[in-house]
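As provided, final-v2.cif (mmCIF, C-alpha atoms and all ligand atoms) reads as follows.
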```cif
data_coords
loop_
_atom_site.group_PDB
_atom_site.id
_atom_site.type_symbol
_atom_site.label_atom_id
_atom_site.label_comp_id
_atom_site.auth_asym_id
_atom_site.auth_seq_id
_atom_site.Cartn_x
_atom_site.Cartn_y
_atom_site.Cartn_z
ATOM 1 C CA MET A 8 135.692 18.238 83.918
ATOM 2 C CA THR A 9 139.245 19.185 83.168
ATOM 3 C CA HIS A 10 141.629 16.295 82.937
ATOM 4 C CA ALA A 11 145.221 17.423 82.921
ATOM 5 C CA PRO A 12 147.496 15.627 80.475
ATOM 6 C CA PRO A 13 150.066 13.345 82.063
ATOM 7 C CA PRO A 14 152.949 15.402 83.331
ATOM 8 C CA GLY A 15 155.773 15.830 80.908
ATOM 9 C CA PRO A 16 158.460 14.039 82.875
ATOM 10 C CA ARG A 17 156.406 10.848 82.997
ATOM 11 C CA ARG A 18 155.958 10.896 79.234
ATOM 12 C CA VAL A 19 159.649 11.429 78.866
ATOM 13 C CA TRP A 20 160.408 8.551 81.184
ATOM 14 C CA SER A 21 158.117 6.101 79.357
ATOM 15 C CA GLY A 22 159.805 7.105 76.136
ATOM 16 C CA ARG A 23 163.073 6.421 77.788
ATOM 17 C CA LEU A 24 161.848 2.984 78.931
ATOM 18 C CA GLY A 25 161.152 2.151 75.302
ATOM 19 C CA LEU A 26 164.645 3.206 74.501
ATOM 20 C CA LEU A 27 165.993 0.998 77.220
ATOM 21 C CA LEU A 28 164.204 -2.026 75.767
ATOM 22 C CA ALA A 29 165.475 -1.219 72.295
ATOM 23 C CA GLY A 30 168.925 -0.864 73.710
ATOM 24 C CA LEU A 31 168.658 -4.273 75.378
ATOM 25 C CA ALA A 32 167.471 -5.927 72.187
ATOM 26 C CA VAL A 33 170.578 -4.886 70.331
ATOM 27 C CA GLY A 34 172.812 -5.549 73.305
ATOM 28 C CA ALA A 35 173.806 -1.915 73.681
ATOM 29 C CA LEU A 36 174.750 -2.406 77.296
ATOM 30 C CA THR A 37 176.995 0.610 77.563
ATOM 31 C CA PHE A 38 174.183 2.845 76.383
ATOM 32 C CA LEU A 39 171.866 1.350 79.018
ATOM 33 C CA VAL A 40 174.318 1.942 81.811
ATOM 34 C CA ALA A 41 174.972 5.497 80.688
ATOM 35 C CA LEU A 42 171.259 6.266 80.552
ATOM 36 C CA GLN A 43 170.609 4.871 84.016
ATOM 37 C CA VAL A 44 173.419 6.857 85.471
ATOM 38 C CA ARG A 45 172.156 10.062 83.946
ATOM 39 C CA ALA A 46 168.537 9.481 84.982
ATOM 40 C CA GLY A 47 169.585 8.729 88.539
ATOM 41 C CA SER A 48 171.857 11.693 88.922
ATOM 42 C CA GLY A 49 171.048 15.127 90.116
ATOM 43 C CA GLY A 50 168.379 14.199 92.655
ATOM 44 C CA GLY A 51 165.728 16.417 91.067
ATOM 45 C CA PRO A 52 162.807 15.521 88.822
ATOM 46 C CA THR A 53 163.675 13.771 85.613
ATOM 47 C CA THR A 54 163.848 16.253 82.808
ATOM 48 C CA LEU A 55 165.035 15.954 79.273
ATOM 49 C CA SER A 56 167.191 18.630 77.745
ATOM 50 C CA PRO A 57 167.650 18.928 73.966
ATOM 51 C CA SER A 58 171.156 17.488 74.278
ATOM 52 C CA ASP A 59 169.790 14.476 76.215
ATOM 53 C CA GLU A 60 167.326 13.816 73.436
ATOM 54 C CA THR A 61 170.068 13.854 70.846
ATOM 55 C CA VAL A 62 172.101 11.355 72.827
ATOM 56 C CA ALA A 63 169.146 9.095 73.573
ATOM 57 C CA SER A 64 167.990 8.773 69.990
ATOM 58 C CA ALA A 65 171.441 8.254 68.520
ATOM 59 C CA PRO A 66 172.203 4.481 68.865
ATOM 60 C CA GLU A 67 169.449 2.896 66.718
ATOM 61 C CA PRO A 68 167.353 4.305 63.869
ATOM 62 C CA GLU A 69 164.187 2.621 65.247
ATOM 63 C CA ALA A 70 164.813 4.309 68.576
ATOM 64 C CA THR A 71 163.850 7.555 66.873
ATOM 65 C CA THR A 72 160.235 6.438 66.765
ATOM 66 C CA ALA A 73 160.320 5.987 70.534
ATOM 67 C CA SER A 74 161.641 9.466 71.131
ATOM 68 C CA PRO A 75 159.431 11.769 73.125
ATOM 69 C CA ASP A 76 157.081 13.865 71.055
ATOM 70 C CA PRO A 77 158.912 17.174 70.767
ATOM 71 C CA THR A 78 155.587 19.005 70.998
ATOM 72 C CA VAL A 79 154.998 17.626 74.507
ATOM 73 C CA THR A 80 156.161 20.275 76.919
ATOM 74 C CA GLU A 81 157.426 19.650 80.404
ATOM 75 C CA THR A 82 154.466 21.438 81.989
ATOM 76 C CA GLY A 83 150.866 21.274 80.807
ATOM 77 C CA PRO A 84 148.670 24.298 80.201
ATOM 78 C CA PRO A 85 148.129 26.456 83.290
ATOM 79 C CA PRO A 86 145.004 25.574 85.298
ATOM 80 C CA PRO A 87 141.966 27.612 84.211
ATOM 81 C CA LEU A 88 141.909 29.937 87.226
ATOM 82 C CA ALA A 89 145.664 30.465 87.556
ATOM 83 C CA GLY A 90 146.507 34.058 88.368
ATOM 84 C CA LEU A 91 143.090 34.903 89.809
ATOM 85 C CA THR A 92 142.283 35.700 93.420
ATOM 86 C CA ILE A 93 138.661 34.922 94.224
ATOM 87 C CA ALA A 94 136.872 36.297 97.283
ATOM 88 C CA VAL A 95 134.167 33.956 98.569
ATOM 89 C CA ASP A 96 131.701 35.368 101.083
ATOM 90 C CA PRO A 97 129.755 32.788 103.122
ATOM 91 C CA GLY A 98 126.611 34.718 104.072
ATOM 92 C CA HIS A 99 125.751 35.362 107.764
ATOM 93 C CA ASN A 100 127.593 33.560 110.591
ATOM 94 C CA GLY A 101 126.906 30.970 113.282
ATOM 95 C CA GLY A 102 127.240 33.399 116.178
ATOM 96 C CA ASN A 103 124.957 36.099 114.781
ATOM 97 C CA GLY A 104 121.807 34.810 116.488
ATOM 98 C CA ALA A 105 123.305 35.089 119.966
ATOM 99 C CA ASN A 106 124.727 38.583 119.416
ATOM 100 C CA PRO A 107 121.854 40.860 118.399
ATOM 101 C CA LEU A 108 123.507 44.071 119.623
ATOM 102 C CA THR A 109 126.508 43.561 117.378
ATOM 103 C CA VAL A 110 124.507 42.258 114.463
ATOM 104 C CA ASN A 111 121.938 45.050 114.552
ATOM 105 C CA ALA A 112 124.439 47.918 114.806
ATOM 106 C CA PRO A 113 124.063 50.280 111.842
ATOM 107 C CA VAL A 114 126.816 50.357 109.210
ATOM 108 C CA PRO A 115 127.117 52.341 105.952
ATOM 109 C CA ASP A 116 125.006 50.807 103.192
ATOM 110 C CA GLY A 117 127.222 52.189 100.410
ATOM 111 C CA ARG A 118 124.614 54.689 99.201
ATOM 112 C CA GLY A 119 124.718 57.271 101.970
ATOM 113 C CA ASP A 120 122.349 55.488 104.337
ATOM 114 C CA THR A 121 122.808 52.760 106.944
ATOM 115 C CA LYS A 122 121.970 49.105 107.214
ATOM 116 C CA ALA A 123 122.177 46.491 109.988
ATOM 117 C CA CYS A 124 125.688 45.053 110.352
ATOM 118 C CA ASN A 125 124.453 41.562 109.508
ATOM 119 C CA THR A 126 121.432 39.301 109.900
ATOM 120 C CA VAL A 127 120.812 35.840 111.303
ATOM 121 C CA GLY A 128 119.715 34.428 107.943
ATOM 122 C CA ALA A 129 117.065 31.929 106.921
ATOM 123 C CA SER A 130 116.650 28.227 107.695
ATOM 124 C CA THR A 131 114.862 25.171 106.375
ATOM 125 C CA ASP A 132 111.677 23.978 108.073
ATOM 126 C CA THR A 133 113.730 21.275 109.778
ATOM 127 C CA GLY A 134 116.042 23.889 111.269
ATOM 128 C CA TYR A 135 119.105 23.682 109.025
ATOM 129 C CA PRO A 136 120.421 27.253 109.113
ATOM 130 C CA GLU A 137 121.521 29.347 106.164
ATOM 131 C CA HIS A 138 124.847 30.228 107.822
ATOM 132 C CA ALA A 139 125.787 26.535 108.022
ATOM 133 C CA PHE A 140 124.755 26.007 104.408
ATOM 134 C CA THR A 141 126.707 29.012 103.123
ATOM 135 C CA TRP A 142 129.768 28.030 105.135
ATOM 136 C CA ASP A 143 129.797 24.447 103.892
ATOM 137 C CA VAL A 144 129.226 25.398 100.238
ATOM 138 C CA SER A 145 131.930 28.085 100.498
ATOM 139 C CA ARG A 146 134.396 25.641 102.035
ATOM 140 C CA ARG A 147 133.760 23.161 99.220
ATOM 141 C CA LEU A 148 133.899 25.950 96.639
ATOM 142 C CA ALA A 149 137.223 27.205 97.995
ATOM 143 C CA GLU A 150 138.677 23.716 97.732
ATOM 144 C CA ARG A 151 137.502 23.323 94.139
ATOM 145 C CA LEU A 152 138.713 26.781 93.095
ATOM 146 C CA THR A 153 142.115 26.070 94.604
ATOM 147 C CA GLU A 154 142.314 22.852 92.580
ATOM 148 C CA LEU A 155 141.564 24.960 89.505
ATOM 149 C CA GLY A 156 144.507 27.235 90.219
ATOM 150 C CA ALA A 157 142.892 30.201 91.992
ATOM 151 C CA VAL A 158 143.951 31.856 95.197
ATOM 152 C CA VAL A 159 140.854 31.947 97.428
ATOM 153 C CA VAL A 160 140.147 34.357 100.252
ATOM 154 C CA LEU A 161 137.144 33.882 102.562
ATOM 155 C CA THR A 162 135.378 36.731 104.374
ATOM 156 C CA ARG A 163 135.118 34.630 107.546
ATOM 157 C CA PRO A 164 137.361 31.838 108.845
ATOM 158 C CA ASP A 165 134.719 29.533 110.342
ATOM 159 C CA ASP A 166 131.010 29.259 111.177
ATOM 160 C CA ALA A 167 131.270 30.142 114.856
ATOM 161 C CA GLY A 168 131.794 33.915 114.818
ATOM 162 C CA VAL A 169 129.752 37.097 114.499
ATOM 163 C CA GLY A 170 129.575 39.093 111.267
ATOM 164 C CA PRO A 171 131.607 40.462 109.585
ATOM 165 C CA CYS A 172 129.335 43.394 108.836
ATOM 166 C CA VAL A 173 128.008 43.751 105.316
ATOM 167 C CA ASP A 174 130.101 46.833 104.532
ATOM 168 C CA ALA A 175 133.288 44.952 105.450
ATOM 169 C CA ARG A 176 132.199 41.997 103.319
ATOM 170 C CA GLY A 177 131.732 44.366 100.392
ATOM 171 C CA ARG A 178 135.108 46.065 100.839
ATOM 172 C CA PHE A 179 136.760 42.684 101.261
ATOM 173 C CA PRO A 180 137.752 42.029 97.598
ATOM 174 C CA GLN A 181 139.569 45.319 97.049
ATOM 175 C CA GLU A 182 141.170 45.151 100.503
ATOM 176 C CA ASN A 183 142.482 41.630 99.805
ATOM 177 C CA ASP A 184 143.628 42.071 96.201
ATOM 178 C CA ALA A 185 140.824 39.839 94.921
ATOM 179 C CA ASP A 186 139.594 40.040 91.329
ATOM 180 C CA VAL A 187 136.000 39.109 92.054
ATOM 181 C CA LEU A 188 133.495 38.569 94.883
ATOM 182 C CA VAL A 189 130.906 35.798 95.072
ATOM 183 C CA SER A 190 128.589 35.980 98.083
ATOM 184 C CA ILE A 191 126.837 32.717 98.954
ATOM 185 C CA HIS A 192 123.295 32.747 100.346
ATOM 186 C CA ALA A 193 120.007 30.872 100.256
ATOM 187 C CA ASN A 194 116.643 32.565 100.294
ATOM 188 C CA GLY A 195 113.893 32.283 102.889
ATOM 189 C CA THR A 196 110.665 33.101 101.078
ATOM 190 C CA GLU A 197 107.709 32.090 103.273
ATOM 191 C CA ASP A 198 105.840 30.676 100.271
ATOM 192 C CA ARG A 199 106.818 26.985 100.243
ATOM 193 C CA GLY A 200 105.941 26.826 96.563
ATOM 194 C CA ALA A 201 108.652 29.298 95.594
ATOM 195 C CA HIS A 202 111.760 27.564 94.339
ATOM 196 C CA GLY A 203 114.930 28.040 92.369
ATOM 197 C CA PHE A 204 118.138 30.027 92.470
ATOM 198 C CA PHE A 205 118.815 33.595 91.434
ATOM 199 C CA ALA A 206 121.665 36.077 91.294
ATOM 200 C CA ILE A 207 121.702 39.669 92.541
ATOM 201 C CA VAL A 208 123.784 42.593 91.290
ATOM 202 C CA SER A 209 124.026 46.153 92.599
ATOM 203 C CA ASP A 210 121.874 48.520 90.573
ATOM 204 C CA PRO A 211 122.262 51.333 89.801
ATOM 205 C CA PRO A 212 126.025 50.757 89.968
ATOM 206 C CA VAL A 213 127.953 52.765 92.560
ATOM 207 C CA VAL A 214 131.239 52.055 90.745
ATOM 208 C CA ASP A 215 131.873 50.736 87.232
ATOM 209 C CA ALA A 216 132.647 47.185 88.389
ATOM 210 C CA GLN A 217 129.058 46.858 89.608
ATOM 211 C CA GLY A 218 127.645 47.488 86.152
ATOM 212 C CA GLU A 219 128.335 45.334 83.117
ATOM 213 C CA PRO A 220 131.268 43.429 84.725
ATOM 214 C CA SER A 221 129.013 42.206 87.533
ATOM 215 C CA VAL A 222 126.154 41.393 85.152
ATOM 216 C CA ALA A 223 128.556 39.363 83.003
ATOM 217 C CA LEU A 224 129.685 37.461 86.089
ATOM 218 C CA ALA A 225 126.047 36.839 87.038
ATOM 219 C CA HIS A 226 125.324 35.469 83.553
ATOM 220 C CA ASP A 227 128.186 32.981 83.802
ATOM 221 C CA LEU A 228 127.178 31.822 87.282
ATOM 222 C CA VAL A 229 123.517 31.491 86.284
ATOM 223 C CA GLY A 230 124.539 29.567 83.166
ATOM 224 C CA ALA A 231 126.663 27.110 85.116
ATOM 225 C CA LEU A 232 124.012 26.518 87.792
ATOM 226 C CA THR A 233 121.408 25.909 85.075
ATOM 227 C CA GLU A 234 123.750 23.546 83.250
ATOM 228 C CA ALA A 235 124.297 21.637 86.495
ATOM 229 C CA GLY A 236 120.563 20.979 86.673
ATOM 230 C CA PHE A 237 119.464 23.569 89.227
ATOM 231 C CA ALA A 238 116.167 25.315 88.496
ATOM 232 C CA PRO A 239 116.145 29.087 87.983
ATOM 233 C CA SER A 240 113.928 31.004 90.364
ATOM 234 C CA SER A 241 110.182 30.750 89.931
ATOM 235 C CA SER A 242 109.717 34.326 91.122
ATOM 236 C CA VAL A 243 112.790 36.279 89.994
ATOM 237 C CA ALA A 244 112.973 36.705 86.249
ATOM 238 C CA ALA A 245 114.563 39.451 84.204
ATOM 239 C CA ASP A 246 114.923 39.634 80.431
ATOM 240 C CA ASP A 247 118.343 38.035 80.801
ATOM 241 C CA GLY A 248 117.413 35.344 83.324
ATOM 242 C CA PRO A 249 117.080 35.004 87.099
ATOM 243 C CA ILE A 250 119.106 38.144 87.842
ATOM 244 C CA GLN A 251 117.756 40.643 90.341
ATOM 245 C CA ARG A 252 118.894 44.281 90.300
ATOM 246 C CA ARG A 253 118.902 45.780 93.782
ATOM 247 C CA ALA A 254 120.148 48.986 95.391
ATOM 248 C CA ASP A 255 119.815 47.876 99.023
ATOM 249 C CA LEU A 256 122.487 45.194 99.477
ATOM 250 C CA ALA A 257 125.477 46.788 101.214
ATOM 251 C CA THR A 258 127.764 43.861 100.419
ATOM 252 C CA LEU A 259 127.310 44.556 96.706
ATOM 253 C CA ASN A 260 127.269 48.351 97.033
ATOM 254 C CA HIS A 261 130.688 48.435 98.695
ATOM 255 C CA ALA A 262 132.404 46.061 96.259
ATOM 256 C CA GLU A 263 134.786 47.635 93.768
ATOM 257 C CA ARG A 264 135.264 44.386 91.883
ATOM 258 C CA PRO A 265 132.696 42.368 89.890
ATOM 259 C CA ALA A 266 130.388 41.099 92.624
ATOM 260 C CA VAL A 267 127.343 38.855 92.743
ATOM 261 C CA VAL A 268 125.154 37.547 95.550
ATOM 262 C CA LEU A 269 123.876 34.042 94.795
ATOM 263 C CA GLU A 270 120.629 32.936 96.412
ATOM 264 C CA LEU A 271 121.180 29.270 95.667
ATOM 265 C CA ALA A 272 117.817 27.886 96.752
ATOM 266 C CA GLU A 273 114.583 28.558 98.588
ATOM 267 C CA MET A 274 115.203 27.046 102.010
ATOM 268 C CA ARG A 275 111.508 26.596 102.842
ATOM 269 C CA ASN A 276 110.766 24.658 99.680
ATOM 270 C CA PRO A 277 110.781 20.981 100.752
ATOM 271 C CA GLU A 278 112.452 19.633 97.613
ATOM 272 C CA GLU A 279 115.217 22.239 97.628
ATOM 273 C CA ALA A 280 115.666 21.877 101.388
ATOM 274 C CA ALA A 281 116.370 18.170 100.881
ATOM 275 C CA VAL A 282 119.045 18.996 98.311
ATOM 276 C CA LEU A 283 120.797 21.693 100.322
ATOM 277 C CA GLU A 284 120.680 19.615 103.514
ATOM 278 C CA SER A 285 122.677 16.858 101.766
ATOM 279 C CA GLU A 286 126.436 16.881 101.391
ATOM 280 C CA GLU A 287 126.022 15.734 97.804
ATOM 281 C CA GLY A 288 123.738 18.655 97.068
ATOM 282 C CA ARG A 289 126.129 21.171 98.589
ATOM 283 C CA GLN A 290 129.006 19.716 96.577
ATOM 284 C CA ARG A 291 126.922 20.085 93.420
ATOM 285 C CA TYR A 292 126.303 23.749 94.214
ATOM 286 C CA ALA A 293 130.012 24.322 94.845
ATOM 287 C CA ASP A 294 131.081 22.555 91.644
ATOM 288 C CA ALA A 295 128.553 24.527 89.587
ATOM 289 C CA ILE A 296 129.716 27.869 90.980
ATOM 290 C CA ALA A 297 133.321 26.915 90.280
ATOM 291 C CA ALA A 298 132.350 26.047 86.694
ATOM 292 C CA GLY A 299 130.710 29.453 86.391
ATOM 293 C CA LEU A 300 133.905 31.155 87.517
ATOM 294 C CA VAL A 301 135.920 29.116 85.011
ATOM 295 C CA ALA A 302 133.531 30.284 82.275
ATOM 296 C CA TRP A 303 133.876 33.870 83.473
ATOM 297 C CA ALA A 304 137.668 33.628 83.518
ATOM 298 C CA GLY A 305 137.679 32.078 80.045
ATOM 299 C CA THR A 306 135.558 34.765 78.392
ATOM 300 C CA GLY A 307 138.038 37.497 79.143
ATOM 301 C CA GLU A 308 135.751 39.143 81.683
ATOM 302 C CA ALA A 309 138.247 38.423 84.428
ATOM 303 C CA GLY A 310 140.973 40.891 85.047
ATOM 304 C CA PRO A 311 141.717 44.175 86.722
ATOM 305 C CA THR A 312 138.634 46.316 86.788
ATOM 306 C CA GLY A 313 139.600 48.730 89.524
HETATM 307 ZN ZN ZN B 401 121.338 35.262 103.271
#
```

Serialized structure, structure tokens:
Amino acid sequence: MTHAPPPGPRRVWSGRLGLLLAGLAVGALTFLVALQVRAGSGGGPTTLSPSDETVASAPEPEATTASPDPTVTETGPPPPLAGLTIAVDPGHNGGNGANPLTVNAPVPDGRGDTKACNTVGASTDTGYPEHAFTWDVSRRLAERLTELGAVVVLTRPDDAGVGPCVDARGRFPQENDADVLVSIHANGTEDRGAHGFFAIVSDPPVVDAQGEPSVALAHDLVGALTEAGFAPSSSVAADDGPIQRRADLATLNHAERPAVVLELAEMRNPEEAAVLESEEGRQRYADAIAAGLVAWAGTGEAGPTG
């Protein structure tokens, strides 16, 4: 959606081409030679200093109109997510199913109790597993966020391991200097009629970042998913949209940065299963989440929250 303006040096060079033609027309051969020498020297990217501009526009009055627009800067505006580190958590893992002892080991739930390290996750009726879905969406999301200027850190490196446990996933943003945590999941409601996405925040908040900062993040993500054409959940509805408040998710309870779990679809709903089983569908989810993070960054909600 964001199209960067042409880089400054190229604009400068096209302006200089116009100058070259003007110079040819009036037979200003010495000027042409001098310009070529200067542009070819130095070995680095072509840049135009104020003194260059003065020299280039000097020979002919009409050349002034071909001068580079002085308001065009050498570098465009920074990309929308520049300066942010975003933690992306692909839910579950491909090796969880074969390692029940590890996965079922109790870990702190962030509220003084314990919770299983991790779970196997849901799947579609055709057998496409949630861990593969979350990994592929997260991979695509990381690529998009990087294009938008963010530094991205993932809680797991591939889809072949076990865990990490939910407490480690929750501590991950503060332990990796991330500004925000988005945990990617899909839901497995048995009712095939249930459909739609929803967001989850920790409630009541354990730390301040889990309160209003996380709700604001959830609003932006929900808004972007809705705008991208995904249906909000048919079963989860709060006054402010498909945002569920839960105390029992250790990933959210341990996070000391704005943190949201996204349940992107109901995996047992046939229509949504068809979307999430397609590469195109997973790219659409990733692009929508990235748009939500751009909205969040642009509203001033992003930033150190401790
Ligand atoms: Zn899940």

Answer key for the PyMOL selection byres (((not hetatm)) within 9 of (chain B and resi 401)), residues as a PyMOL selection string: chain A and resi 97-99+126-129+137-138+141+190-195+268-270

Nearest to Leu188 (chain A) by atom-to-atom distance, counting all atoms listed in the file, from A:Gln217, A:Asn125, A:Thr153, A:Asn106: A:Gln217

Two-atom distance - CA of Asp132 (chain A), CA of Ala254 (chain A) (Å):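 Between CA of Asp132 (chain A) and CA of Ala254 (chain A) the gap is 29.3 Å.
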
CA of Ala223 (chain A) to CA of Ile250 (chain A), distance in Å rounded to a single decimal: 10.7 Å

Shortest interatomic distance to Val95 (chain A) - which of A:Glu284, A:Thr109, A:Val189, A:Glu150, counting all atoms listed in the file: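 Of all the options, A:Val189 lies closest to Val95 (chain A).
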
Atom pair CA of Glu279 (chain A) / CA of Tyr135 (chain A): separation (Å):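 Answer for the CA of Glu279 (chain A) to CA of Tyr135 (chain A) separation: 12.1 Å.
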
Evaluate the PyMOL selection byres (((chain A and resi 87) around 9) and not hetatm) and report residues as a PyMOL selection string: chain A and resi 9+84-86+88-90+155-157+301+304-305

For Asp166 (chain A): contacts at 7 Å, only C-alpha atoms, fewer than 2 positions along chain excluded, given as a list in words: Asn100, Gly101, Ala139, Trp142 and Gly168 of chain A

Ref. answer, residues at most 10 Å from (130.5, 27.4, 85.0) with all atoms listed in the file, as a compact mmCIF listing (two decimals) with C-alpha atoms, keeping the file's coordinate frame:
```txt
# COMPACT_ATOMS: atom_id res chain seq x y z
CA HIS A 226 125.32 35.47 83.55
CA ASP A 227 128.19 32.98 83.80
CA LEU A 228 127.18 31.82 87.28
CA VAL A 229 123.52 31.49 86.28
CA GLY A 230 124.54 29.57 83.17
CA ALA A 231 126.66 27.11 85.12
CA LEU A 232 124.01 26.52 87.79
CA THR A 233 121.41 25.91 85.08
CA GLU A 234 123.75 23.55 83.25
CA ALA A 235 124.30 21.64 86.50
CA ASP A 294 131.08 22.56 91.64
CA ALA A 295 128.55 24.53 89.59
CA ILE A 296 129.72 27.87 90.98
CA ALA A 297 133.32 26.92 90.28
CA ALA A 298 132.35 26.05 86.69
CA GLY A 299 130.71 29.45 86.39
CA LEU A 300 133.90 31.16 87.52
CA VAL A 301 135.92 29.12 85.01
CA ALA A 302 133.53 30.28 82.28
CA TRP A 303 133.88 33.87 83.47
CA ALA A 304 137.67 33.63 83.52
CA GLY A 305 137.68 32.08 80.04
```

Residue IDs satisfying the PyMOL selection byres (((chain A and resi 185) around 12) and not hetatm), as a ChimeraX atom specification: /A:90-96,157-162,177-184,186-189,262-266,309-313

Closest of A:Asp210, A:Asp247, A:Asp165, A:Asp174 to Ala112 (chain A) - atom-to-atom distances counting only C-alpha atoms: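 Among A:Asp210, A:Asp247, A:Asp165, A:Asp174, it is A:Asp174 that comes nearest to Ala112 (chain A).
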
Which residue of A:Gly83, A:Pro136, A:Gly307, A:Gly200 approaches Pro220 (chain A) most closely, using only C-alpha atoms: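 Counting only C-alpha atoms, the residue closest to Pro220 (chain A) is A:Gly307.
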
Among listed residues A:Val114, A:Ala149, A:Val282, A:Val208, nearest Gly236 (chain A) (using all atoms listed in the file):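 That would be A:Val282, the residue with the smallest distance to Gly236 (chain A).
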
Selection near Ser240 (chain A), 10 Å with only C-alpha atoms, sequence-local residues under 3 positions removed, as a list of chain:residue names: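 Result of the neighbour search: A:Ala201, A:His202, A:Gly203, A:Phe204, A:Phe205, A:Ala206, A:Phe237, A:Val243, A:Ala244, A:Gly248, A:Pro249, A:Ile250, A:Glu270, A:Leu271, A:Ala272, A:Glu273.
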
Top pick for closest residue to Arg291 (chain A), considering A:Lys122, A:Arg163, A:Arg147, A:Arg253 and counting all atoms listed in the file: A:Arg147
